[in-house]
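For reference, data_38.pdb (PDB, C-alpha atoms):
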MODEL        1
ATOM      1  CA  MET A 251     -53.089   9.070  28.717
ATOM      2  CA  ASN A 252     -50.646   7.024  30.801
ATOM      3  CA  LYS A 253     -47.506   8.235  32.596
ATOM      4  CA  TYR A 254     -45.157   7.395  29.700
ATOM      5  CA  GLN A 255     -47.339   9.120  27.121
ATOM      6  CA  ARG A 256     -47.370  12.273  29.276
ATOM      7  CA  ILE A 257     -43.561  12.201  29.500
ATOM      8  CA  ILE A 258     -43.248  11.864  25.730
ATOM      9  CA  LEU A 259     -45.726  14.726  25.210
ATOM     10  CA  VAL A 260     -43.733  17.003  27.551
ATOM     11  CA  ILE A 261     -40.504  16.170  25.703
ATOM     12  CA  MET A 262     -42.111  16.907  22.325
ATOM     13  CA  VAL A 263     -43.483  20.245  23.543
ATOM     14  CA  CYS A 264     -40.114  21.237  24.999
ATOM     15  CA  PHE A 265     -38.367  20.282  21.759
ATOM     16  CA  SER A 266     -40.779  22.306  19.633
ATOM     17  CA  VAL A 267     -40.322  25.357  21.868
ATOM     18  CA  PHE A 268     -36.547  24.955  21.686
ATOM     19  CA  SER A 269     -36.687  24.661  17.905
ATOM     20  CA  ALA A 270     -38.827  27.788  17.562
ATOM     21  CA  GLU A 271     -36.485  29.752  19.820
ATOM     22  CA  ALA A 272     -33.457  28.475  17.926
ATOM     23  CA  ARG A 273     -34.877  29.811  14.675
ATOM     24  CA  GLU A 274     -35.200  33.261  16.244
ATOM     25  CA  LEU A 275     -31.462  33.467  16.955
ATOM     26  CA  ASN A 276     -29.576  36.002  14.856
ATOM     27  CA  PHE A 277     -26.412  34.496  13.443
ATOM     28  CA  PRO A 278     -23.416  36.845  13.293
ATOM     29  CA  VAL A 279     -23.057  38.638   9.990
ATOM     30  CA  PRO A 280     -19.808  37.445   8.400
ATOM     31  CA  GLN A 281     -17.126  40.098   8.258
ATOM     32  CA  THR A 282     -15.585  38.323   5.278
ATOM     33  CA  VAL A 283     -18.036  39.857   2.805
ATOM     34  CA  SER A 284     -18.473  43.406   1.523
ATOM     35  CA  PRO A 285     -20.439  46.039   3.466
ATOM     36  CA  GLU A 286     -23.125  45.895   0.764
ATOM     37  CA  TRP A 287     -23.597  42.176   1.323
ATOM     38  CA  GLN A 288     -23.429  42.556   5.084
ATOM     39  CA  LYS A 289     -26.549  44.736   4.854
ATOM     40  CA  LEU A 290     -28.358  42.075   2.834
ATOM     41  CA  ILE A 291     -27.355  39.327   5.238
ATOM     42  CA  ALA A 292     -28.370  41.336   8.324
ATOM     43  CA  ALA A 293     -31.776  42.292   6.954
ATOM     44  CA  GLN A 294     -34.940  40.923   8.493
ATOM     45  CA  PRO A 295     -37.171  38.810   6.242
ATOM     46  CA  ALA A 296     -39.760  40.701   4.235
ATOM     47  CA  PRO A 297     -43.199  40.273   5.834
ATOM     48  CA  TYR A 298     -44.657  38.818   2.644
ATOM     49  CA  TRP A 299     -42.648  35.569   2.937
ATOM     50  CA  ASN A 300     -45.468  33.939   4.905
ATOM     51  CA  THR A 301     -48.303  35.153   2.691
ATOM     52  CA  HIS A 302     -50.886  32.495   1.854
ATOM     53  CA  PRO A 303     -53.371  33.841  -0.712
ATOM     54  CA  ALA A 304     -56.694  32.113  -0.214
ATOM     55  CA  ASN A 305     -58.024  32.453  -3.763
ATOM     56  CA  ILE A 306     -57.093  33.568  -7.270
ATOM     57  CA  GLN A 307     -58.030  37.197  -6.630
ATOM     58  CA  GLU A 308     -55.803  37.366  -3.557
ATOM     59  CA  TRP A 309     -52.965  35.803  -5.537
ATOM     60  CA  LYS A 310     -53.347  38.437  -8.263
ATOM     61  CA  GLU A 311     -53.419  41.329  -5.789
ATOM     62  CA  TRP A 312     -50.348  40.038  -3.954
ATOM     63  CA  ILE A 313     -48.471  39.439  -7.214
ATOM     64  CA  SER A 314     -49.365  42.907  -8.526
ATOM     65  CA  ASN A 315     -48.130  44.633  -5.372
ATOM     66  CA  PHE A 316     -44.844  42.732  -5.460
ATOM     67  CA  ASN A 317     -44.239  43.428  -9.145
ATOM     68  CA  LYS A 318     -44.871  47.162  -8.730
ATOM     69  CA  GLY A 319     -42.123  47.334  -6.122
ATOM     70  CA  ALA A 320     -39.720  45.193  -8.160
ATOM     71  CA  VAL A 321     -39.850  47.526 -11.164
ATOM     72  CA  LYS A 322     -38.585  50.535  -9.195
ATOM     73  CA  GLY A 323     -35.033  51.510 -10.046
ATOM     74  CA  LEU A 324     -34.697  49.281 -13.109
ATOM     75  CA  SER A 325     -34.697  52.149 -15.595
ATOM     76  CA  GLU A 326     -31.968  53.885 -13.590
ATOM     77  CA  LEU A 327     -29.955  50.657 -13.387
ATOM     78  CA  ARG A 328     -30.119  50.194 -17.156
ATOM     79  CA  GLU A 329     -28.935  53.748 -17.628
ATOM     80  CA  GLN A 330     -26.078  53.328 -15.164
ATOM     81  CA  LEU A 331     -24.895  50.155 -16.892
ATOM     82  CA  GLY A 332     -25.402  51.462 -20.420
ATOM     83  CA  VAL A 333     -28.022  48.880 -21.371
ATOM     84  CA  THR A 334     -30.793  49.494 -23.887
ATOM     85  CA  ALA A 335     -34.070  47.580 -23.638
ATOM     86  CA  VAL A 336     -36.360  47.005 -26.604
ATOM     87  CA  GLN A 337     -39.703  45.211 -26.340
ATOM     88  CA  SER A 338     -40.545  42.623 -28.959
ATOM     89  CA  LYS A 339     -42.207  39.231 -29.441
ATOM     90  CA  MET A 340     -40.738  35.892 -30.442
ATOM     91  CA  GLY A 341     -43.204  33.248 -31.546
ATOM     92  CA  GLY A 342     -45.912  35.299 -29.865
ATOM     93  CA  VAL A 343     -44.100  35.385 -26.513
ATOM     94  CA  PRO A 344     -43.289  38.881 -25.154
ATOM     95  CA  VAL A 345     -39.557  39.467 -24.801
ATOM     96  CA  TRP A 346     -37.166  42.297 -24.070
ATOM     97  CA  ILE A 347     -33.902  42.555 -25.990
ATOM     98  CA  LEU A 348     -31.230  43.964 -23.677
ATOM     99  CA  THR A 349     -28.056  45.177 -25.346
ATOM    100  CA  PRO A 350     -25.004  46.831 -23.793
ATOM    101  CA  LYS A 351     -23.998  49.980 -25.625
ATOM    102  CA  ASP A 352     -20.404  48.712 -25.689
ATOM    103  CA  LEU A 353     -21.158  45.208 -26.976
ATOM    104  CA  PRO A 354     -17.817  43.553 -27.818
ATOM    105  CA  GLU A 355     -17.278  42.421 -31.378
ATOM    106  CA  VAL A 356     -16.776  38.816 -30.250
ATOM    107  CA  ASN A 357     -20.278  38.776 -28.752
ATOM    108  CA  ARG A 358     -22.144  40.358 -31.651
ATOM    109  CA  ASP A 359     -23.446  37.033 -32.966
ATOM    110  CA  ARG A 360     -23.882  35.406 -29.557
ATOM    111  CA  VAL A 361     -27.020  35.610 -27.441
ATOM    112  CA  LEU A 362     -28.080  34.660 -23.934
ATOM    113  CA  LEU A 363     -31.646  33.683 -23.085
ATOM    114  CA  ASN A 364     -32.706  34.743 -19.589
ATOM    115  CA  LEU A 365     -35.495  33.024 -17.669
ATOM    116  CA  HIS A 366     -36.378  35.052 -14.596
ATOM    117  CA  GLY A 367     -37.181  33.836 -11.101
ATOM    118  CA  GLY A 368     -40.299  34.324  -9.011
ATOM    119  CA  GLY A 369     -41.805  30.951  -8.137
ATOM    120  CA  TYR A 370     -43.799  30.758 -11.393
ATOM    121  CA  VAL A 371     -45.957  33.638 -10.104
ATOM    122  CA  LEU A 372     -43.770  36.752  -9.664
ATOM    123  CA  GLY A 373     -41.718  38.841 -12.072
ATOM    124  CA  ALA A 374     -44.065  39.544 -14.970
ATOM    125  CA  GLY A 375     -43.155  42.297 -17.394
ATOM    126  CA  GLU A 376     -40.078  44.208 -16.268
ATOM    127  CA  ALA A 377     -40.388  43.071 -12.669
ATOM    128  CA  GLY A 378     -38.058  40.096 -13.079
ATOM    129  CA  MET A 379     -35.508  41.861 -15.254
ATOM    130  CA  GLN A 380     -32.725  42.872 -12.826
ATOM    131  CA  GLU A 381     -30.591  39.764 -13.373
ATOM    132  CA  ALA A 382     -30.815  40.182 -17.163
ATOM    133  CA  VAL A 383     -29.809  43.850 -16.927
ATOM    134  CA  LEU A 384     -26.787  43.003 -14.773
ATOM    135  CA  MET A 385     -25.717  40.257 -17.166
ATOM    136  CA  ALA A 386     -25.976  42.557 -20.155
ATOM    137  CA  GLY A 387     -24.295  45.475 -18.401
ATOM    138  CA  ILE A 388     -21.494  43.647 -16.591
ATOM    139  CA  GLY A 389     -21.121  40.581 -18.808
ATOM    140  CA  LYS A 390     -21.416  42.505 -22.096
ATOM    141  CA  PHE A 391     -23.741  40.063 -23.848
ATOM    142  CA  LYS A 392     -26.960  40.614 -25.740
ATOM    143  CA  VAL A 393     -29.696  39.138 -23.553
ATOM    144  CA  VAL A 394     -33.178  38.031 -24.565
ATOM    145  CA  TYR A 395     -35.394  38.276 -21.492
ATOM    146  CA  ALA A 396     -38.468  36.065 -21.828
ATOM    147  CA  ASP A 397     -41.668  37.362 -20.241
ATOM    148  CA  TYR A 398     -43.211  33.902 -19.995
ATOM    149  CA  ARG A 399     -46.735  33.126 -18.791
ATOM    150  CA  MET A 400     -47.266  32.208 -15.144
ATOM    151  CA  ALA A 401     -49.791  31.021 -12.581
ATOM    152  CA  PRO A 402     -52.460  31.528 -11.459
ATOM    153  CA  ASP A 403     -53.838  32.190 -14.951
ATOM    154  CA  PHE A 404     -51.363  29.937 -16.739
ATOM    155  CA  PRO A 405     -50.245  26.901 -14.733
ATOM    156  CA  TYR A 406     -47.881  24.112 -15.826
ATOM    157  CA  PRO A 407     -46.586  23.754 -18.497
ATOM    158  CA  ALA A 408     -47.179  27.317 -19.754
ATOM    159  CA  ALA A 409     -43.927  28.831 -18.458
ATOM    160  CA  VAL A 410     -41.595  26.279 -20.026
ATOM    161  CA  ASP A 411     -43.726  26.107 -23.185
ATOM    162  CA  ASP A 412     -43.055  29.828 -23.645
ATOM    163  CA  ALA A 413     -39.358  29.424 -22.877
ATOM    164  CA  MET A 414     -39.148  26.685 -25.510
ATOM    165  CA  THR A 415     -40.996  28.850 -28.028
ATOM    166  CA  VAL A 416     -38.426  31.623 -27.592
ATOM    167  CA  TYR A 417     -35.559  29.130 -27.780
ATOM    168  CA  ARG A 418     -36.892  27.665 -31.031
ATOM    169  CA  GLU A 419     -37.174  31.173 -32.478
ATOM    170  CA  LEU A 420     -33.575  31.891 -31.488
ATOM    171  CA  LEU A 421     -32.444  28.716 -33.250
ATOM    172  CA  LYS A 422     -33.872  30.079 -36.505
ATOM    173  CA  THR A 423     -31.308  32.881 -36.540
ATOM    174  CA  THR A 424     -28.524  31.721 -34.228
ATOM    175  CA  PRO A 425     -26.716  28.365 -34.079
ATOM    176  CA  ALA A 426     -27.116  26.552 -30.756
ATOM    177  CA  GLU A 427     -23.328  26.769 -30.335
ATOM    178  CA  LYS A 428     -23.739  30.518 -29.893
ATOM    179  CA  ILE A 429     -26.679  30.408 -27.450
ATOM    180  CA  GLY A 430     -26.430  30.299 -23.669
ATOM    181  CA  VAL A 431     -29.316  30.102 -21.198
ATOM    182  CA  PHE A 432     -29.307  31.445 -17.654
ATOM    183  CA  GLY A 433     -31.667  32.206 -14.807
ATOM    184  CA  THR A 434     -32.046  32.298 -11.054
ATOM    185  CA  SER A 435     -34.335  30.354  -8.720
ATOM    186  CA  THR A 436     -37.357  29.362 -10.798
ATOM    187  CA  GLY A 437     -35.412  30.648 -13.789
ATOM    188  CA  GLY A 438     -32.507  28.390 -12.826
ATOM    189  CA  GLY A 439     -34.831  25.411 -12.681
ATOM    190  CA  MET A 440     -36.380  26.394 -16.002
ATOM    191  CA  THR A 441     -32.917  26.695 -17.557
ATOM    192  CA  LEU A 442     -32.314  23.036 -16.746
ATOM    193  CA  ILE A 443     -35.837  21.989 -17.753
ATOM    194  CA  LEU A 444     -35.376  23.740 -21.111
ATOM    195  CA  ALA A 445     -32.366  21.510 -21.776
ATOM    196  CA  LEU A 446     -34.402  18.430 -20.800
ATOM    197  CA  ARG A 447     -37.211  19.513 -23.139
ATOM    198  CA  ALA A 448     -34.766  20.207 -25.965
ATOM    199  CA  LYS A 449     -33.418  16.675 -25.560
ATOM    200  CA  THR A 450     -36.878  15.103 -25.715
ATOM    201  CA  GLU A 451     -37.753  17.192 -28.786
ATOM    202  CA  ASN A 452     -34.462  16.361 -30.529
ATOM    203  CA  LEU A 453     -33.476  20.005 -30.702
ATOM    204  CA  PRO A 454     -29.840  21.050 -30.448
ATOM    205  CA  LEU A 455     -29.003  21.950 -26.855
ATOM    206  CA  PRO A 456     -27.681  25.379 -25.888
ATOM    207  CA  ALA A 457     -23.910  25.650 -25.680
ATOM    208  CA  ALA A 458     -23.909  26.417 -21.951
ATOM    209  CA  LEU A 459     -26.253  26.761 -18.975
ATOM    210  CA  ALA A 460     -26.003  28.951 -15.874
ATOM    211  CA  ALA A 461     -28.459  27.936 -13.163
ATOM    212  CA  GLY A 462     -28.388  30.231 -10.146
ATOM    213  CA  THR A 463     -29.815  28.709  -6.937
ATOM    214  CA  PRO A 464     -32.134  26.642  -9.138
ATOM    215  CA  TRP A 465     -35.492  25.332  -7.968
ATOM    216  CA  THR A 466     -34.602  21.790  -8.975
ATOM    217  CA  ASP A 467     -36.935  20.016  -6.542
ATOM    218  CA  MET A 468     -40.374  21.558  -6.103
ATOM    219  CA  SER A 469     -41.221  19.078  -3.369
ATOM    220  CA  LYS A 470     -39.899  19.694   0.138
ATOM    221  CA  THR A 471     -37.011  17.298  -0.382
ATOM    222  CA  GLY A 472     -33.424  18.153   0.469
ATOM    223  CA  ASP A 473     -31.463  18.943   3.617
ATOM    224  CA  THR A 474     -31.456  22.748   3.499
ATOM    225  CA  TYR A 475     -35.231  22.998   3.176
ATOM    226  CA  PHE A 476     -34.954  22.111   6.865
ATOM    227  CA  THR A 477     -31.511  23.239   8.079
ATOM    228  CA  ASN A 478     -31.757  26.694   6.474
ATOM    229  CA  GLU A 479     -35.412  27.234   7.338
ATOM    230  CA  GLY A 480     -35.602  30.567   9.143
ATOM    231  CA  VAL A 481     -31.946  31.220   8.298
ATOM    232  CA  ASP A 482     -32.588  32.280   4.692
ATOM    233  CA  ASN A 483     -33.995  35.821   4.947
ATOM    234  CA  ILE A 484     -35.465  35.838   1.432
ATOM    235  CA  LEU A 485     -37.474  32.624   1.062
ATOM    236  CA  VAL A 486     -37.381  31.817   4.803
ATOM    237  CA  SER A 487     -39.389  28.583   4.552
ATOM    238  CA  TYR A 488     -40.915  26.272   1.975
ATOM    239  CA  ASP A 489     -44.042  26.482   4.135
ATOM    240  CA  GLY A 490     -44.497  30.160   3.276
ATOM    241  CA  TRP A 491     -45.663  31.367  -0.132
ATOM    242  CA  VAL A 492     -43.089  29.198  -1.923
ATOM    243  CA  GLY A 493     -44.819  25.888  -1.274
ATOM    244  CA  ASP A 494     -48.176  27.417  -2.147
ATOM    245  CA  ALA A 495     -46.757  28.675  -5.448
ATOM    246  CA  ALA A 496     -45.357  25.234  -6.245
ATOM    247  CA  ARG A 497     -48.767  23.666  -5.870
ATOM    248  CA  LEU A 498     -50.504  26.533  -7.696
ATOM    249  CA  TYR A 499     -48.282  26.148 -10.774
ATOM    250  CA  ALA A 500     -48.054  22.346 -10.751
ATOM    251  CA  GLY A 501     -51.751  21.738 -10.145
ATOM    252  CA  LYS A 502     -52.393  17.994  -9.984
ATOM    253  CA  HIS A 503     -49.037  17.085 -11.525
ATOM    254  CA  ASP A 504     -46.433  15.232  -9.487
ATOM    255  CA  LEU A 505     -43.994  17.787  -8.031
ATOM    256  CA  LYS A 506     -41.176  15.314  -8.718
ATOM    257  CA  ASP A 507     -41.913  15.204 -12.442
ATOM    258  CA  PRO A 508     -38.565  16.100 -14.104
ATOM    259  CA  MET A 509     -40.339  18.809 -16.108
ATOM    260  CA  LEU A 510     -41.077  20.477 -12.771
ATOM    261  CA  SER A 511     -38.119  19.212 -10.739
ATOM    262  CA  PRO A 512     -35.173  18.664 -13.104
ATOM    263  CA  VAL A 513     -33.008  16.976 -10.466
ATOM    264  CA  TYR A 514     -35.030  13.844 -11.292
ATOM    265  CA  GLY A 515     -34.362  14.085 -15.033
ATOM    266  CA  ASP A 516     -31.851  12.440 -17.359
ATOM    267  CA  VAL A 517     -29.100  15.039 -17.688
ATOM    268  CA  SER A 518     -26.707  12.944 -19.774
ATOM    269  CA  GLY A 519     -25.375  14.935 -22.699
ATOM    270  CA  PHE A 520     -26.039  18.296 -21.079
ATOM    271  CA  PRO A 521     -23.747  21.177 -22.044
ATOM    272  CA  PRO A 522     -21.284  22.730 -19.554
ATOM    273  CA  THR A 523     -23.215  24.133 -16.604
ATOM    274  CA  ILE A 524     -22.407  26.514 -13.775
ATOM    275  CA  LEU A 525     -24.516  26.559 -10.611
ATOM    276  CA  THR A 526     -24.567  29.095  -7.780
ATOM    277  CA  SER A 527     -25.906  29.253  -4.230
ATOM    278  CA  GLY A 528     -25.037  30.565  -0.751
ATOM    279  CA  THR A 529     -24.425  29.024   2.650
ATOM    280  CA  ARG A 530     -27.742  30.374   4.043
ATOM    281  CA  ASP A 531     -29.791  29.628   0.923
ATOM    282  CA  LEU A 532     -32.943  27.548   1.400
ATOM    283  CA  PHE A 533     -32.185  26.147  -2.078
ATOM    284  CA  LEU A 534     -28.568  25.198  -1.318
ATOM    285  CA  SER A 535     -29.489  21.491  -1.374
ATOM    286  CA  ASN A 536     -31.398  21.998  -4.627
ATOM    287  CA  THR A 537     -28.179  23.373  -6.065
ATOM    288  CA  VAL A 538     -25.631  20.896  -4.711
ATOM    289  CA  ARG A 539     -27.848  17.903  -5.508
ATOM    290  CA  MET A 540     -28.132  19.139  -9.098
ATOM    291  CA  HIS A 541     -24.381  19.682  -9.287
ATOM    292  CA  PHE A 542     -23.785  16.109  -8.121
ATOM    293  CA  LYS A 543     -26.351  14.797 -10.623
ATOM    294  CA  LEU A 544     -24.587  16.583 -13.480
ATOM    295  CA  ARG A 545     -21.108  15.447 -12.417
ATOM    296  CA  GLU A 546     -22.377  11.894 -11.976
ATOM    297  CA  ALA A 547     -23.591  12.005 -15.594
ATOM    298  CA  GLY A 548     -20.189  13.211 -16.795
ATOM    299  CA  VAL A 549     -21.341  16.759 -17.509
ATOM    300  CA  PRO A 550     -18.736  19.514 -16.964
ATOM    301  CA  ALA A 551     -20.323  21.372 -14.057
ATOM    302  CA  ASP A 552     -18.967  24.113 -11.798
ATOM    303  CA  LEU A 553     -20.392  25.171  -8.447
ATOM    304  CA  ILE A 554     -20.087  28.553  -6.700
ATOM    305  CA  VAL A 555     -21.252  28.767  -3.074
ATOM    306  CA  PHE A 556     -21.023  32.271  -1.623
ATOM    307  CA  GLU A 557     -20.329  32.904   2.035
ATOM    308  CA  GLY A 558     -23.265  33.972   4.188
ATOM    309  CA  ILE A 559     -25.845  34.813   1.563
ATOM    310  CA  SER A 560     -29.464  33.774   1.370
ATOM    311  CA  HIS A 561     -31.469  32.987  -1.728
ATOM    312  CA  ALA A 562     -30.367  34.966  -4.822
ATOM    313  CA  HIS A 563     -28.648  37.735  -2.862
ATOM    314  CA  TYR A 564     -25.984  37.808  -5.572
ATOM    315  CA  HIS A 565     -28.122  39.944  -7.877
ATOM    316  CA  MET A 566     -29.889  42.087  -5.256
ATOM    317  CA  SER A 567     -27.081  44.581  -4.611
ATOM    318  CA  PRO A 568     -25.778  45.863  -7.953
ATOM    319  CA  LYS A 569     -22.925  47.880  -6.389
ATOM    320  CA  ALA A 570     -21.513  45.031  -4.299
ATOM    321  CA  PRO A 571     -18.107  43.798  -5.490
ATOM    322  CA  GLU A 572     -19.334  40.211  -5.165
ATOM    323  CA  THR A 573     -22.140  40.989  -7.603
ATOM    324  CA  LYS A 574     -19.630  42.219 -10.155
ATOM    325  CA  PHE A 575     -17.524  39.115  -9.484
ATOM    326  CA  TYR A 576     -20.506  36.832 -10.050
ATOM    327  CA  PHE A 577     -21.551  38.305 -13.378
ATOM    328  CA  THR A 578     -17.927  38.494 -14.484
ATOM    329  CA  GLU A 579     -17.653  34.777 -13.720
ATOM    330  CA  LEU A 580     -20.718  34.136 -15.876
ATOM    331  CA  GLU A 581     -19.172  36.275 -18.608
ATOM    332  CA  ARG A 582     -15.992  34.150 -18.541
ATOM    333  CA  PHE A 583     -18.026  30.948 -18.444
ATOM    334  CA  PHE A 584     -20.098  31.851 -21.488
ATOM    335  CA  GLU A 585     -17.063  33.190 -23.359
ATOM    336  CA  ARG A 586     -15.319  29.841 -22.845
ATOM    337  CA  ASN A 587     -18.257  27.743 -23.959
ATOM    338  CA  LEU A 588     -20.020  29.704 -26.697
ATOM    339  CA  GLN A 589     -18.525  29.673 -30.174
TER     340      GLN A 589
ENDMDL
END

Can I see the file as structure tokens?
Amino acid sequence: MNKYQRIILVIMVCFSVFSAEARELNFPVPQTVSPEWQKLIAAQPAPYWNTHPANIQEWKEWISNFNKGAVKGLSELREQLGVTAVQSKMGGVPVWILTPKDLPEVNRDRVLLNLHGGGYVLGAGEAGMQEAVLMAGIGKFKVVYADYRMAPDFPYPAAVDDAMTVYRELLKTTPAEKIGVFGTSTGGGMTLILALRAKTENLPLPAALAAGTPWTDMSKTGDTYFTNEGVDNILVSYDGWVGDAARLYAGKHDLKDPMLSPVYGDVSGFPPTILTSGTRDLFLSNTVRMHFKLREAGVPADLIVFEGISHAHYHMSPKAPETKFYFTELERFFERNLQ
């Protein structure tokens, strides 16, 4: 190694140390958000963010432990919000029908399909239901929550196949003009993929889509995969479990296939869409790139970016005023766009 190579090596080492230290800095919690959100923003990342299961059995054990924790408090939340939950099946796919006890007359023949988040691995059964409960309870819509199949047992395209099965069943009883689809993270990506699939299958598209912090690019492409790495206290880094889950679900398929990463799809003719993210969200670029793609195609598309929050914080604190604001915004959006 010559003198110049040693100098370059020293510079690279110093830069890497600086970068690591920079990621350990704690940014001030914004005082412009509610106390409930301040607690979320100030929280340290959960230790499981950097889990890397080495085999299928380890994946299943990790998934099971997460799901057990996620179910806690859901029954109480449904009771607090006056939401009933009935298990059923649609086209063989397990679903839950969530109905607010005070369902408005105008919404009695409308329905929202919810596709939950969880990286195509987490959220089975009731574990991914919190967003659907909040939408039913605050937004006052009947919600069909799809308990779609996931990896490791059921890789691509099982999840979206199940979502499409439920959507086709809904079309048998409800005109597309009265159907909305919504979801967060993976569910947000699936919401957009469902519309792409409906187009390719010549099915009528839903009347409106709500994609919260959608996983629109399963490859590590986009500015905030890098700028918000270590800033987002939920996902933290693509190089944690998230990237592993992407590869587990996709298998040998190209991660930039539009049926995995809808930001690469043809979104012309899409219905009105609302997208949501936060300034510390690892998926902020996923969201704003998708918003631009929709607007570029002439699709009416709105974008909400919340101050200070990481990935999907907007449905993690049910009592926060911003949470009520968010689901009220979705309520208004669907009321405007569903017949």

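Against the coordinates shown, the PyMOL selection byres ((chain A and resi 283) around 10) returns Val279, Pro280, Gln281, Thr282, Ser284, Pro285, Glu286, Trp287, Gln288, Ile291, Phe556, Glu557, Gly558, Ile559, Ala570, Pro571 and Glu572 of chain A.
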
Those selected residues, please, written with C-alpha atoms and delivered as an mmCIF file, in the frame of the given file.
data_model
loop_
_atom_site.group_PDB
_atom_site.id
_atom_site.type_symbol
_atom_site.label_atom_id
_atom_site.label_comp_id
_atom_site.auth_asym_id
_atom_site.auth_seq_id
_atom_site.Cartn_x
_atom_site.Cartn_y
_atom_site.Cartn_z
ATOM 1 C CA VAL A 279 -23.057 38.638 9.990
ATOM 2 C CA PRO A 280 -19.808 37.445 8.400
ATOM 3 C CA GLN A 281 -17.126 40.098 8.258
ATOM 4 C CA THR A 282 -15.585 38.323 5.278
ATOM 5 C CA SER A 284 -18.473 43.406 1.523
ATOM 6 C CA PRO A 285 -20.439 46.039 3.466
ATOM 7 C CA GLU A 286 -23.125 45.895 0.764
ATOM 8 C CA TRP A 287 -23.597 42.176 1.323
ATOM 9 C CA GLN A 288 -23.429 42.556 5.084
ATOM 10 C CA ILE A 291 -27.355 39.327 5.238
ATOM 11 C CA PHE A 556 -21.023 32.271 -1.623
ATOM 12 C CA GLU A 557 -20.329 32.904 2.035
ATOM 13 C CA GLY A 558 -23.265 33.972 4.188
ATOM 14 C CA ILE A 559 -25.845 34.813 1.563
ATOM 15 C CA ALA A 570 -21.513 45.031 -4.299
ATOM 16 C CA PRO A 571 -18.107 43.798 -5.490
ATOM 17 C CA GLU A 572 -19.334 40.211 -5.165
#

Practice task
Name the residues in contact with Tyr395 of chain A at a cut-off of 6 Å, using all atoms listed in the file, excluding same-chain residues fewer than 4 positions from it; report them as a count of residues only.
Solution key: 3

Practice task
Identify all residues satisfying the PyMOL selection byres ((chain A and resi 430) around 9) in the given file; provide them as a count of residues only.
Solution key: 19

Problem - segment 482-485 of chain A environment, 6 Å, all atoms listed in the file, sequence neighbours closer than 2 positions dropped, as a ChimeraX atom specification - result: /A:295,478,480,487,530-532,560-561

Per residue of segment 451-541 of chain A within 10 Å of segment 408-419 of chain A, which atom pair is closest and at what distance in Å (one decimal), using only C-alpha atoms, listed by chain and increasing number, as CSV?
residue,atom,partner,partner_atom,distance
A:Leu453,CA,A:Arg418,CA,8.4
A:Pro454,CA,A:Arg418,CA,9.7
A:Leu455,CA,A:Tyr417,CA,9.8
A:Pro456,CA,A:Tyr417,CA,8.9
A:Tyr499,CA,A:Ala408,CA,9.1
A:Met509,CA,A:Val410,CA,8.5
A:Leu510,CA,A:Val410,CA,9.3

Practice task
Provide the atom CA of Arg328 of chain A to atom CA of Gly341 of chain A distance in Å, to one decimal place.
Solution key: 25.8 Å

Problem - Contact residues around Gly369 of chain A with only C-alpha atoms at 12 Å, ignoring same-chain residues under 5 positions, as a PyMOL selection string - result: chain A and resi 313+374+378+399-402+405-406+409+434-440+464-466+468+485+488+490-500+510

Handout entry: d(atom CA of Asp403 of chain A, atom CA of Arg447 of chain A) in Å
Key = 22.5 Å

Exercise for the section: Would you kindly return, as a ChimeraX atom specification, each protein, DNA or RNA residue with an atom no farther than 10 Å from any atom of Gln380 of chain A, considering only C-alpha atoms and excluding same-chain residues fewer than 5 positions away? Expected result: /A:320-321,323-325,327-328,366,373,385-386,565-566,568

Practice task
Apply the PyMOL selection byres ((chain A and resi 553) around 10) to the file shown and report the selected residues as a PyMOL selection string.
Solution key: chain A and resi 461-462+523-527+537-538+540-542+551-552+554-556

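Of the residues under consideration (A:Val486, A:Val336, A:Val383, A:Val371), A:Val371 shows the shortest atom-to-atom contact distance to Phe404 of chain A when counting only C-alpha atoms.
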
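Distance-wise, atom CA of Thr578 of chain A and atom CA of Gly368 of chain A end up 23.4 Å apart.
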
Practice task
Step by step: start from the point (-34.9, 20.4, 1.5) in the file's coordinates, keep every protein, DNA or RNA residue that has an atom no farther than 8 Å from it, count all atoms listed in the file, and write the set as number ranges by chain.
Solution key: A: 470-477, 532-533, 535-536
